[in-house]
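What follows is the content of my_file_24.pdb (PDB, C-alpha atoms and all ligand atoms).
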ATOM      1  CA  MET A 201      17.527  18.127 -28.291
ATOM      2  CA  GLY A 202      15.931  16.638 -31.343
ATOM      3  CA  SER A 203      14.701  13.101 -31.722
ATOM      4  CA  ALA A 204      11.508  11.843 -30.114
ATOM      5  CA  ALA A 205      13.609   9.328 -28.204
ATOM      6  CA  ASP A 206      16.027  11.875 -26.693
ATOM      7  CA  PHE A 207      16.567  10.873 -23.050
ATOM      8  CA  ALA A 208      17.577  14.378 -21.899
ATOM      9  CA  ASP A 209      14.331  15.838 -23.311
ATOM     10  CA  ALA A 210      12.345  13.009 -21.773
ATOM     11  CA  ARG A 211      13.935  13.642 -18.371
ATOM     12  CA  ALA A 212      13.205  17.365 -18.593
ATOM     13  CA  ARG A 213       9.590  16.724 -19.648
ATOM     14  CA  ALA A 214       8.839  14.327 -16.776
ATOM     15  CA  ALA A 215       6.274  15.776 -14.362
ATOM     16  CA  ALA A 216       4.016  14.249 -11.724
ATOM     17  CA  LEU A 217       1.547  11.813 -13.249
ATOM     18  CA  ALA A 218      -1.067  13.147 -10.808
ATOM     19  CA  GLY A 219      -1.736  15.704 -13.541
ATOM     20  CA  ARG A 220      -2.434  12.950 -16.074
ATOM     21  CA  THR A 221      -4.514  10.456 -14.088
ATOM     22  CA  SER A 222      -8.221  10.602 -13.300
ATOM     23  CA  PHE A 223      -7.389   9.606  -9.688
ATOM     24  CA  ARG A 224      -5.239  12.794  -9.451
ATOM     25  CA  ILE A 225      -2.526  10.658  -7.827
ATOM     26  CA  GLY A 226       0.940   9.759  -9.105
ATOM     27  CA  GLY A 227       4.607  10.725  -8.862
ATOM     28  CA  VAL A 228       7.244  11.736 -11.394
ATOM     29  CA  PRO A 229       8.611   9.117 -13.815
ATOM     30  CA  GLU A 230      12.302   9.123 -14.667
ATOM     31  CA  LEU A 231      11.522   9.740 -18.335
ATOM     32  CA  LEU A 232       8.398  10.863 -20.169
ATOM     33  CA  PHE A 233       8.088  10.465 -23.937
ATOM     34  CA  GLU A 234       5.293  11.924 -26.024
ATOM     35  CA  PRO A 235       5.709  10.699 -29.606
ATOM     36  CA  SER A 236       3.501  12.136 -32.351
ATOM     37  CA  THR A 237       3.904   9.453 -35.020
ATOM     38  CA  VAL A 238       4.151   5.684 -35.282
ATOM     39  CA  ALA A 239       7.809   6.028 -36.334
ATOM     40  CA  GLU A 240       8.511   8.047 -33.190
ATOM     41  CA  VAL A 241       6.788   5.428 -31.026
ATOM     42  CA  ALA A 242       9.017   2.781 -32.598
ATOM     43  CA  GLU A 243      12.100   4.937 -31.960
ATOM     44  CA  VAL A 244      11.207   5.315 -28.272
ATOM     45  CA  VAL A 245      10.554   1.582 -27.847
ATOM     46  CA  VAL A 246      13.868   0.689 -29.506
ATOM     47  CA  ALA A 247      15.859   3.275 -27.528
ATOM     48  CA  CYS A 248      14.398   2.152 -24.180
ATOM     49  CA  LYS A 249      14.992  -1.501 -24.997
ATOM     50  CA  ALA A 250      18.614  -0.778 -25.983
ATOM     51  CA  ALA A 251      19.159   1.168 -22.740
ATOM     52  CA  ARG A 252      17.323  -1.534 -20.730
ATOM     53  CA  VAL A 253      14.886   1.036 -19.384
ATOM     54  CA  PRO A 254      11.452  -0.416 -18.577
ATOM     55  CA  LEU A 255       8.713   1.332 -20.543
ATOM     56  CA  ARG A 256       5.084   1.797 -19.518
ATOM     57  CA  VAL A 257       2.328   3.059 -21.777
ATOM     58  CA  LEU A 258       0.047   5.846 -20.569
ATOM     59  CA  GLY A 259      -3.266   6.499 -22.283
ATOM     60  CA  GLY A 260      -5.884   8.679 -20.613
ATOM     61  CA  GLY A 261      -4.733   7.516 -17.152
ATOM     62  CA  CYS A 262      -8.307   6.596 -16.234
ATOM     63  CA  ASN A 263      -7.832   3.045 -14.994
ATOM     64  CA  LEU A 264      -4.566   3.623 -13.260
ATOM     65  CA  LEU A 265      -3.260   3.953  -9.706
ATOM     66  CA  VAL A 266       0.271   5.374  -9.667
ATOM     67  CA  ALA A 267       2.634   5.417  -6.657
ATOM     68  CA  ASP A 268       3.564   8.808  -5.220
ATOM     69  CA  GLY A 269       7.323   8.451  -5.133
ATOM     70  CA  PRO A 270       9.644   8.815  -8.100
ATOM     71  CA  LEU A 271       8.616   6.218 -10.645
ATOM     72  CA  PRO A 272      11.425   4.081 -12.062
ATOM     73  CA  GLY A 273      11.722   3.809 -15.835
ATOM     74  CA  ALA A 274      10.039   5.512 -18.754
ATOM     75  CA  VAL A 275       6.467   6.422 -19.584
ATOM     76  CA  LEU A 276       5.251   6.743 -23.162
ATOM     77  CA  ALA A 277       2.149   8.952 -23.307
ATOM     78  CA  THR A 278      -0.090   8.408 -26.340
ATOM     79  CA  THR A 279      -1.745  11.844 -26.140
ATOM     80  CA  ARG A 280      -0.175  13.186 -29.343
ATOM     81  CA  LEU A 281      -1.135  10.209 -31.506
ATOM     82  CA  ARG A 282      -4.204  11.874 -32.911
ATOM     83  CA  HIS A 283      -5.701  11.494 -36.315
ATOM     84  CA  GLU A 284      -9.062  10.519 -37.659
ATOM     85  CA  ARG A 285      -9.917   9.078 -41.062
ATOM     86  CA  VAL A 286     -13.509   8.441 -41.988
ATOM     87  CA  LEU A 287     -13.735   5.823 -44.748
ATOM     88  CA  ASP A 288     -16.791   4.162 -46.249
ATOM     89  CA  ASP A 289     -16.748   1.112 -44.040
ATOM     90  CA  ARG A 290     -14.684   2.247 -41.064
ATOM     91  CA  VAL A 291     -13.357   5.109 -38.964
ATOM     92  CA  GLU A 292      -9.695   5.040 -37.990
ATOM     93  CA  VAL A 293      -8.742   6.957 -34.845
ATOM     94  CA  GLY A 294      -5.328   7.595 -33.256
ATOM     95  CA  ALA A 295      -4.685   6.096 -29.812
ATOM     96  CA  GLY A 296      -4.622   9.582 -28.251
ATOM     97  CA  GLY A 297      -8.097  10.457 -29.520
ATOM     98  CA  SER A 298     -10.745  11.101 -26.894
ATOM     99  CA  PHE A 299     -12.962   8.047 -26.420
ATOM    100  CA  PRO A 300     -15.920  10.044 -25.031
ATOM    101  CA  GLY A 301     -15.578  12.314 -28.087
ATOM    102  CA  LEU A 302     -15.845   9.300 -30.389
ATOM    103  CA  VAL A 303     -18.770   7.846 -28.436
ATOM    104  CA  SER A 304     -20.698  11.121 -28.613
ATOM    105  CA  ARG A 305     -20.345  11.046 -32.442
ATOM    106  CA  ALA A 306     -20.853   7.294 -32.903
ATOM    107  CA  ALA A 307     -24.441   7.678 -34.170
ATOM    108  CA  GLU A 308     -23.396  10.411 -36.649
ATOM    109  CA  LEU A 309     -20.485   8.280 -37.839
ATOM    110  CA  SER A 310     -22.696   5.159 -38.078
ATOM    111  CA  ILE A 311     -20.480   3.195 -35.685
ATOM    112  CA  PRO A 312     -22.636   0.499 -34.067
ATOM    113  CA  THR A 313     -22.809  -0.180 -30.291
ATOM    114  CA  LEU A 314     -20.415   2.605 -29.183
ATOM    115  CA  SER A 315     -23.426   4.814 -28.383
ATOM    116  CA  GLY A 316     -23.848   2.452 -25.437
ATOM    117  CA  CYS A 317     -20.506   3.557 -23.963
ATOM    118  CA  PRO A 318     -21.109   7.084 -22.603
ATOM    119  CA  GLY A 319     -19.338   7.990 -19.392
ATOM    120  CA  ILE A 320     -16.335   5.779 -20.145
ATOM    121  CA  PRO A 321     -13.394   8.178 -19.941
ATOM    122  CA  GLY A 322     -10.002   7.816 -21.553
ATOM    123  CA  GLN A 323      -8.195   7.722 -24.851
ATOM    124  CA  VAL A 324      -8.921   5.290 -27.656
ATOM    125  CA  GLY A 325      -5.691   3.287 -27.176
ATOM    126  CA  GLY A 326      -6.208   2.627 -23.479
ATOM    127  CA  VAL A 327      -9.850   1.820 -23.918
ATOM    128  CA  VAL A 328      -8.994  -0.727 -26.631
ATOM    129  CA  ALA A 329      -6.167  -2.315 -24.601
ATOM    130  CA  MET A 330      -8.462  -2.650 -21.562
ATOM    131  CA  ASN A 331     -11.584  -3.535 -23.586
ATOM    132  CA  ALA A 332     -13.676  -1.025 -21.677
ATOM    133  CA  GLY A 333     -17.418  -1.322 -21.717
ATOM    134  CA  GLY A 334     -20.523  -2.022 -19.752
ATOM    135  CA  ARG A 335     -24.068  -3.298 -19.923
ATOM    136  CA  PHE A 336     -24.968  -1.124 -22.942
ATOM    137  CA  GLY A 337     -21.963  -1.960 -25.119
ATOM    138  CA  TYR A 338     -18.315  -2.963 -25.282
ATOM    139  CA  VAL A 339     -15.512  -1.448 -27.349
ATOM    140  CA  ALA A 340     -14.857  -4.950 -28.704
ATOM    141  CA  ASP A 341     -18.290  -4.988 -30.363
ATOM    142  CA  ALA A 342     -17.347  -2.337 -32.942
ATOM    143  CA  LEU A 343     -13.603  -2.825 -33.230
ATOM    144  CA  LEU A 344     -12.238  -3.966 -36.615
ATOM    145  CA  GLU A 345      -8.490  -3.532 -36.566
ATOM    146  CA  VAL A 346      -5.765  -2.423 -34.165
ATOM    147  CA  PHE A 347      -2.515  -0.748 -35.195
ATOM    148  CA  ALA A 348       0.324  -1.117 -32.720
ATOM    149  CA  VAL A 349       4.067  -1.240 -32.182
ATOM    150  CA  ASP A 350       5.451  -4.391 -30.568
ATOM    151  CA  LEU A 351       8.024  -4.424 -27.778
ATOM    152  CA  ASP A 352      10.864  -4.728 -30.321
ATOM    153  CA  GLY A 353       9.697  -1.527 -32.015
ATOM    154  CA  ARG A 354       8.027  -3.199 -35.018
ATOM    155  CA  PRO A 355       4.756  -1.632 -36.202
ATOM    156  CA  PHE A 356       1.978  -4.097 -37.040
ATOM    157  CA  ALA A 357      -1.713  -4.189 -37.853
ATOM    158  CA  ARG A 358      -4.027  -6.874 -36.517
ATOM    159  CA  VAL A 359      -7.559  -7.569 -37.639
ATOM    160  CA  VAL A 360      -9.350  -8.232 -34.384
ATOM    161  CA  GLU A 361     -10.393 -11.838 -33.885
ATOM    162  CA  PRO A 362     -12.695 -13.349 -31.321
ATOM    163  CA  GLY A 363     -10.581 -13.971 -28.259
ATOM    164  CA  ASP A 364      -8.290 -10.959 -28.784
ATOM    165  CA  LEU A 365     -10.262  -8.980 -26.240
ATOM    166  CA  GLY A 366     -11.449 -10.369 -22.923
ATOM    167  CA  TYR A 367     -13.001  -9.024 -19.741
ATOM    168  CA  ARG A 368     -11.007  -5.815 -19.122
ATOM    169  CA  THR A 369      -8.028  -7.158 -21.040
ATOM    170  CA  SER A 370      -6.700  -7.770 -24.547
ATOM    171  CA  VAL A 371      -3.767  -9.361 -26.336
ATOM    172  CA  PHE A 372      -2.288  -5.853 -26.629
ATOM    173  CA  LEU A 373      -2.162  -5.044 -22.910
ATOM    174  CA  GLY A 374       1.478  -5.147 -21.787
ATOM    175  CA  ALA A 375       2.510  -6.622 -25.153
ATOM    176  CA  ALA A 376       2.417  -3.632 -27.523
ATOM    177  CA  VAL A 377       1.821   0.102 -27.779
ATOM    178  CA  VAL A 378      -1.565   0.625 -29.418
ATOM    179  CA  VAL A 379      -1.180   3.556 -31.836
ATOM    180  CA  ALA A 380      -4.577   3.549 -33.580
ATOM    181  CA  ALA A 381      -7.747   1.543 -34.028
ATOM    182  CA  SER A 382     -10.446   1.305 -36.631
ATOM    183  CA  PHE A 383     -14.131   0.913 -35.865
ATOM    184  CA  ARG A 384     -16.790  -0.590 -38.119
ATOM    185  CA  ARG A 385     -19.329   1.637 -39.846
ATOM    186  CA  ASP A 386     -22.773   0.285 -40.622
ATOM    187  CA  ARG A 387     -24.548   2.644 -43.015
ATOM    188  CA  SER A 388     -27.907   0.988 -42.327
ATOM    189  CA  LEU A 389     -27.646   1.842 -38.632
ATOM    190  CA  ASP A 390     -30.774   3.376 -37.087
ATOM    191  CA  ARG A 391     -29.179   6.618 -35.904
ATOM    192  CA  ASP A 392     -32.191   7.757 -33.892
ATOM    193  CA  ALA A 393     -32.210   4.481 -31.994
ATOM    194  CA  GLU A 394     -28.475   4.902 -31.335
ATOM    195  CA  ARG A 395     -29.006   8.454 -30.051
ATOM    196  CA  ARG A 396     -31.717   7.181 -27.716
ATOM    197  CA  ARG A 397     -29.390   4.436 -26.531
ATOM    198  CA  PHE A 398     -26.731   7.081 -25.801
ATOM    199  CA  LEU A 399     -29.130   9.219 -23.745
ATOM    200  CA  GLU A 400     -30.527   6.249 -21.865
ATOM    201  CA  ALA A 401     -27.069   4.884 -21.049
ATOM    202  CA  SER A 402     -25.829   8.368 -19.988
ATOM    203  CA  ALA A 403     -28.750   8.840 -17.610
ATOM    204  CA  TRP A 404     -28.323   5.367 -16.140
ATOM    205  CA  LYS A 405     -24.596   5.875 -15.676
ATOM    206  CA  ARG A 406     -25.050   9.265 -13.982
ATOM    207  CA  SER A 407     -27.558   7.854 -11.532
ATOM    208  CA  THR A 408     -25.562   4.750 -10.579
ATOM    209  CA  GLN A 409     -21.890   5.813 -10.665
ATOM    210  CA  PRO A 410     -19.939   8.753  -9.168
ATOM    211  CA  MET A 411     -19.155  10.294 -12.546
ATOM    212  CA  SER A 412     -17.682  13.613 -11.427
ATOM    213  CA  ALA A 413     -15.476  12.371  -8.582
ATOM    214  CA  ALA A 414     -11.724  11.798  -9.011
ATOM    215  CA  SER A 415     -11.395   8.012  -9.308
ATOM    216  CA  ALA A 416     -10.119   5.229 -11.545
ATOM    217  CA  GLY A 417     -13.570   3.752 -12.125
ATOM    218  CA  CYS A 418     -14.229   0.294 -10.754
ATOM    219  CA  VAL A 419     -11.316  -0.884  -8.618
ATOM    220  CA  PHE A 420     -11.988  -4.652  -8.543
ATOM    221  CA  LYS A 421     -12.968  -7.133 -11.241
ATOM    222  CA  ASN A 422     -16.334  -8.732 -10.857
ATOM    223  CA  PRO A 423     -15.667 -12.236  -9.513
ATOM    224  CA  PRO A 424     -16.631 -15.189 -11.703
ATOM    225  CA  GLY A 425     -20.237 -16.231 -11.489
ATOM    226  CA  GLY A 426     -21.846 -12.999 -12.605
ATOM    227  CA  ARG A 427     -21.722 -11.259  -9.247
ATOM    228  CA  SER A 428     -20.949  -7.550  -8.971
ATOM    229  CA  ALA A 429     -17.928  -6.680  -6.833
ATOM    230  CA  GLY A 430     -19.732  -3.406  -6.056
ATOM    231  CA  ALA A 431     -22.783  -5.210  -4.707
ATOM    232  CA  ILE A 432     -20.560  -7.502  -2.589
ATOM    233  CA  ILE A 433     -18.587  -4.575  -1.106
ATOM    234  CA  ASP A 434     -21.835  -2.705  -0.484
ATOM    235  CA  ALA A 435     -23.361  -5.725   1.303
ATOM    236  CA  ALA A 436     -20.226  -5.878   3.498
ATOM    237  CA  GLY A 437     -21.192  -2.398   4.746
ATOM    238  CA  LEU A 438     -18.165  -0.641   3.292
ATOM    239  CA  LYS A 439     -19.746   2.324   1.481
ATOM    240  CA  GLY A 440     -18.269   5.525   2.942
ATOM    241  CA  GLU A 441     -15.299   3.629   4.479
ATOM    242  CA  ARG A 442     -12.315   5.954   4.510
ATOM    243  CA  VAL A 443      -8.517   6.014   4.783
ATOM    244  CA  GLY A 444      -7.156   9.570   4.709
ATOM    245  CA  GLY A 445      -8.369  11.248   1.526
ATOM    246  CA  ALA A 446      -9.658   8.029  -0.048
ATOM    247  CA  MET A 447     -13.209   6.793   0.392
ATOM    248  CA  VAL A 448     -15.338   3.901  -0.855
ATOM    249  CA  SER A 449     -17.948   5.737  -2.902
ATOM    250  CA  PRO A 450     -21.380   5.958  -1.306
ATOM    251  CA  VAL A 451     -22.828   5.860  -4.857
ATOM    252  CA  HIS A 452     -21.150   2.693  -6.196
ATOM    253  CA  ALA A 453     -19.080   0.612  -3.788
ATOM    254  CA  ASN A 454     -16.612  -0.606  -6.429
ATOM    255  CA  TYR A 455     -15.366   2.960  -6.839
ATOM    256  CA  ILE A 456     -12.763   4.480  -4.547
ATOM    257  CA  VAL A 457     -12.871   8.256  -4.799
ATOM    258  CA  ASN A 458     -10.150  10.758  -4.027
ATOM    259  CA  ASP A 459     -12.126  13.498  -2.340
ATOM    260  CA  ALA A 460      -9.472  15.044  -0.085
ATOM    261  CA  ASP A 461      -5.954  14.905  -1.538
ATOM    262  CA  ALA A 462      -5.618  11.156  -1.162
ATOM    263  CA  THR A 463      -2.155   9.638  -1.399
ATOM    264  CA  PHE A 464      -1.244   6.363  -3.080
ATOM    265  CA  ALA A 465      -0.789   4.895   0.414
ATOM    266  CA  ASP A 466      -4.338   5.951   1.414
ATOM    267  CA  VAL A 467      -5.830   4.185  -1.597
ATOM    268  CA  GLU A 468      -3.649   1.114  -1.140
ATOM    269  CA  ALA A 469      -4.612   0.819   2.528
ATOM    270  CA  LEU A 470      -8.292   1.188   1.672
ATOM    271  CA  ILE A 471      -8.008  -1.469  -1.057
ATOM    272  CA  GLY A 472      -6.421  -3.808   1.523
ATOM    273  CA  ARG A 473      -9.172  -3.124   4.039
ATOM    274  CA  VAL A 474     -11.931  -3.781   1.490
ATOM    275  CA  ARG A 475     -10.284  -7.022   0.394
ATOM    276  CA  GLU A 476      -9.850  -8.251   3.962
ATOM    277  CA  ARG A 477     -13.381  -7.355   5.040
ATOM    278  CA  VAL A 478     -14.941  -8.951   1.947
ATOM    279  CA  ALA A 479     -12.818 -12.099   2.288
ATOM    280  CA  ALA A 480     -13.662 -12.408   5.979
ATOM    281  CA  THR A 481     -17.405 -11.920   5.544
ATOM    282  CA  THR A 482     -18.034 -13.675   2.208
ATOM    283  CA  GLY A 483     -14.950 -15.771   1.373
ATOM    284  CA  VAL A 484     -14.618 -13.891  -1.945
ATOM    285  CA  HIS A 485     -11.072 -12.861  -2.914
ATOM    286  CA  LEU A 486     -11.364  -9.699  -4.983
ATOM    287  CA  GLU A 487      -8.866  -9.118  -7.786
ATOM    288  CA  LEU A 488      -7.753  -5.667  -8.863
ATOM    289  CA  GLU A 489      -9.196  -4.271 -12.084
ATOM    290  CA  VAL A 490      -7.199  -1.030 -11.995
ATOM    291  CA  GLN A 491      -3.589  -1.184 -13.118
ATOM    292  CA  VAL A 492      -1.075  -0.287 -10.402
ATOM    293  CA  TRP A 493       2.245   1.357 -11.222
ATOM    294  CA  ARG A 494       4.939   1.520  -8.568
TER
HETATM  295  N1  LIG B   1     -24.846  -2.690  -6.702
HETATM  296  C1  LIG B   1     -25.074  -2.518  -5.378
HETATM  297  N2  LIG B   1     -24.269  -1.673  -4.666
HETATM  298  C2  LIG B   1     -23.255  -1.008  -5.257
HETATM  299  C3  LIG B   1     -23.002  -1.187  -6.630
HETATM  300  C4  LIG B   1     -23.829  -2.039  -7.335
HETATM  301  O1  LIG B   1     -25.974  -3.108  -4.817
HETATM  302  O2  LIG B   1     -22.562  -0.254  -4.560
HETATM  303  C5  LIG B   1     -25.750  -3.572  -7.465
HETATM  304  C6  LIG B   1     -26.537  -2.795  -8.494
HETATM  305  O3  LIG B   1     -27.688  -2.230  -7.928
HETATM  306  C7  LIG B   1     -26.849  -3.841  -9.529
HETATM  307  C8  LIG B   1     -25.628  -4.767  -9.471
HETATM  308  O4  LIG B   1     -24.984  -4.493  -8.241
HETATM  309  O5  LIG B   1     -27.983  -4.584  -9.153
HETATM  310  C9  LIG B   1     -24.676  -4.535 -10.645
HETATM  311  O6  LIG B   1     -24.218  -3.176 -10.599
HETATM  312  P1  LIG B   1     -23.776  -2.377 -11.912
HETATM  313  O7  LIG B   1     -24.856  -2.470 -12.908
HETATM  314  O8  LIG B   1     -23.314  -1.047 -11.491
HETATM  315  O9  LIG B   1     -22.606  -3.226 -12.519
HETATM  316  P2  LIG B   1     -21.232  -3.686 -11.913
HETATM  317  O10 LIG B   1     -21.134  -5.139 -12.224
HETATM  318  O11 LIG B   1     -21.043  -3.269 -10.489
HETATM  319  C10 LIG B   1     -19.876  -3.318 -14.110
HETATM  320  C11 LIG B   1     -18.550  -2.744 -14.495
HETATM  321  C12 LIG B   1     -18.621  -1.216 -14.617
HETATM  322  C13 LIG B   1     -19.712  -0.870 -15.611
HETATM  323  C14 LIG B   1     -21.022  -1.455 -15.078
HETATM  324  C15 LIG B   1     -22.213  -1.169 -15.952
HETATM  325  C16 LIG B   1     -16.779  -4.114 -13.564
HETATM  326  C17 LIG B   1     -15.771  -4.254 -12.488
HETATM  327  N3  LIG B   1     -17.555  -3.052 -13.477
HETATM  328  O12 LIG B   1     -20.155  -2.880 -12.778
HETATM  329  O13 LIG B   1     -17.382  -0.786 -15.142
HETATM  330  O14 LIG B   1     -19.842   0.530 -15.750
HETATM  331  O15 LIG B   1     -20.886  -2.891 -15.001
HETATM  332  O16 LIG B   1     -22.156  -1.773 -17.152
HETATM  333  O17 LIG B   1     -16.828  -4.943 -14.476
HETATM  334  C18 LIG B   1     -15.195   0.127 -14.708
HETATM  335  O18 LIG B   1     -14.738  -0.850 -15.300
HETATM  336  O19 LIG B   1     -14.454   1.019 -14.272
HETATM  337  C19 LIG B   1     -16.641   0.206 -14.511
HETATM  338  C20 LIG B   1     -17.179   1.177 -13.807
END
Mind turning the file's structure into structure tokens?
Ligand code: EPU
Amino acid sequence: MGSAADFADARARAAALAGRTSFRIGGVPELLFEPSTVAEVAEVVVACKAARVPLRVLGGGCNLLVADGPLPGAVLATTRLRHERVLDDRVEVGAGGSFPGLVSRAAELSIPTLSGCPGIPGQVGGVVAMNAGGRFGYVADALLEVFAVDLDGRPFARVVEPGDLGYRTSVFLGAAVVVAASFRRDRSLDRDAERRRFLEASAWKRSTQPMSAASAGCVFKNPPGGRSAGAIIDAAGLKGERVGGAMVSPVHANYIVNDADATFADVEALIGRVRERVAATTGVHLELEVQVWR
């Protein structure tokens, strides 16, 4: 017992990731670490590297499809990395902070554009690494600086530059553990306009996406050329298509929902069917947007 990087503790703590993913699917990892500080994150990274144990980073588990069987290697959950510092020109939030919680206070905190991100679930770290967003705003728009630990266990800070964040990706994804991020404050922000933007975006999101279903959000990336994968899957007649407990959402066809105890295999088979049908009818080869752990 003792250190944050204790393997025996991490083995004892490991439980099915179904309880930590929005899909409600996922088996038990060999090791589960939950560090509370940057130093502890570094310790875990160093210990896993020394033991040659592969390490995966778990944020809110909202864009993730995890295999049912035992999962090889270690998982580092960022849930306990929570702090918030409100400074004059920025707000710094730990990676484990709730992103919807931040979005709902963005107008109050004078953070621009984040009021356009309601209905995006997850923790701040994961949302930054994946550059979540939508038609009313992207995380990248308000992000100033990212604090992370690299894969050798060295903490670093990086002022975000154009090009660091792309479409559902960033330079941090797979290359570092994001431990905190700071967001720009603009004291001249029109807070009422931001609150209206929040309400408008929330209403739009609720009417076009299956917000309360168990899912991992959009499954496929939109193909180049500005087309929506959802619209393409819909046009292929796949809404309501089902394998076991997994179904293509009748609300938005780029969502697969787990509405009846779906297994990883159900979702995987449905993904394969959607890809095949879309390729056969349109020639489009859809790429996965969700991260798959197996
Ligand atoms: N559409 C259909 N049928 C469908 C779904 C969409 O005809 O089943 C049509 C819509 O009516 C609309 C067009 O397709 O005319 C575009 O749809 P939408 O505005 O929902 O945008 P999207 O391109 O399908 C992207 C993101 C979403 C994000 C929305 C809104 C991707 C893969 N998806 O979807 O992100 O919420 O824009 O900004 O980039 C996610 O990443 O998990 C996600 C949900």
Cut-off 6 Å, all atoms listed in the file, neighbours of ligand LIG 1 (chain B) as a CSV table (one decimal) with C-alpha atoms, keeping the file's coordinate frame:
chain,number,residue,atom,x,y,z
A,334,GLY,CA,-20.5,-2.0,-19.8
A,335,ARG,CA,-24.1,-3.3,-19.9
A,417,GLY,CA,-13.6,3.8,-12.1
A,418,CYS,CA,-14.2,0.3,-10.8
A,420,PHE,CA,-12.0,-4.7,-8.5
A,421,LYS,CA,-13.0,-7.1,-11.2
A,422,ASN,CA,-16.3,-8.7,-10.9
A,428,SER,CA,-20.9,-7.6,-9.0
A,429,ALA,CA,-17.9,-6.7,-6.8
A,430,GLY,CA,-19.7,-3.4,-6.1
A,431,ALA,CA,-22.8,-5.2,-4.7
A,434,ASP,CA,-21.8,-2.7,-0.5
A,452,HIS,CA,-21.2,2.7,-6.2
A,453,ALA,CA,-19.1,0.6,-3.8
> Applied to the shown file, which residues does the PyMOL selection byres (((chain A and resi 391-400) around 6) and not hetatm) return, written as a VMD selection string?
Replying inline: chain A and resid 307 315 to 316 389 to 390 401 to 403
>> For Gly319 of chain A, find every residue with an atom within 12 Å (counting all atoms listed in the file), except residues of its own chain fewer than 5 positions away, and show them as a ChimeraX atom specification.
In response: /A:262,298-304,314,332-334,336-337,398-412,417
>> Taking all atoms listed in the file into account, name the residue in A:Ala218, A:Ala376, A:Ala342, A:Leu309 that is nearest to Glu284 of chain A.
In response: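 Using all atoms listed in the file, Glu284 of chain A sits closest to A:Leu309.
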>> Residues within 10 Å of Asp461 of chain A, please, as a ChimeraX atom specification. Count all atoms listed in the file; anything in the same chain fewer than 6 positions from it doesn't count.
In response: /A:223-225,414,444-446
Taking the file above as input, evaluate the PyMOL selection byres (((chain A and resi 352) around 8) and not hetatm) and report the hits as a PDB file with C-alpha atoms, keeping the file's coordinate frame.
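And here is the file that came out, expr32.pdb:
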ATOM      1  CA  VAL A 245      10.554   1.582 -27.847  1.00  0.00           C
ATOM      2  CA  VAL A 246      13.868   0.689 -29.506  1.00  0.00           C
ATOM      3  CA  LYS A 249      14.992  -1.501 -24.997  1.00  0.00           C
ATOM      4  CA  VAL A 349       4.067  -1.240 -32.182  1.00  0.00           C
ATOM      5  CA  ASP A 350       5.451  -4.391 -30.568  1.00  0.00           C
ATOM      6  CA  LEU A 351       8.024  -4.424 -27.778  1.00  0.00           C
ATOM      7  CA  GLY A 353       9.697  -1.527 -32.015  1.00  0.00           C
ATOM      8  CA  ARG A 354       8.027  -3.199 -35.018  1.00  0.00           C
TER       9      ARG A 354
END
> Within 9 Å of Met330 of chain A, counting all atoms listed in the file, which residues qualify if same-chain residues fewer than 4 places away don't, as number ranges by chain?
Replying inline: A: 263, 325-326, 365-370, 372-373
>> Can you measure atom CA of Val244 of chain A to atom CA of Pro321 of chain A for me? One decimal in Å is fine.
In response: 26.1 Å
> What does the distance from atom CA of Glu308 of chain A to atom CA of Val359 of chain A come to in Å, to one decimal?
Replying inline: 24.0 Å
>> I'd like to know which of A:Gln491, A:Ala247, A:Leu271, A:Val286 is closest to Ala329 of chain A, using all atoms listed in the file.
In response: A:Gln491
> Of the candidates A:Arg477, A:His485, A:Lys439, A:Arg290, which one gets nearest to Arg384 of chain A if we count all atoms listed in the file?
Replying inline: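 Looking only at the distances to Arg384 of chain A, the closest residue turns out to be A:Arg290.
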For the point (-0.6, 11.2, -27.1) in the file's frame, write as a PDB file with C-alpha atoms, in the coordinates of the input all residues with an atom no more than 7 Å away, counting only C-alpha atoms.
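Once everything was written out, this is result.pdb:
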ATOM      1  CA  GLU A 234       5.293  11.924 -26.024  1.00  0.00           C
ATOM      2  CA  PRO A 235       5.709  10.699 -29.606  1.00  0.00           C
ATOM      3  CA  SER A 236       3.501  12.136 -32.351  1.00  0.00           C
ATOM      4  CA  ALA A 277       2.149   8.952 -23.307  1.00  0.00           C
ATOM      5  CA  THR A 278      -0.090   8.408 -26.340  1.00  0.00           C
ATOM      6  CA  THR A 279      -1.745  11.844 -26.140  1.00  0.00           C
ATOM      7  CA  ARG A 280      -0.175  13.186 -29.343  1.00  0.00           C
ATOM      8  CA  LEU A 281      -1.135  10.209 -31.506  1.00  0.00           C
ATOM      9  CA  ARG A 282      -4.204  11.874 -32.911  1.00  0.00           C
ATOM     10  CA  GLY A 296      -4.622   9.582 -28.251  1.00  0.00           C
TER      11      GLY A 296
END
> Of the residues A:Trp493, A:Phe347, A:Phe464, A:Phe356, which is the one nearest to Val443 of chain A, using all atoms listed in the file?
Replying inline: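 Smallest distance to Val443 of chain A is found for A:Phe464.
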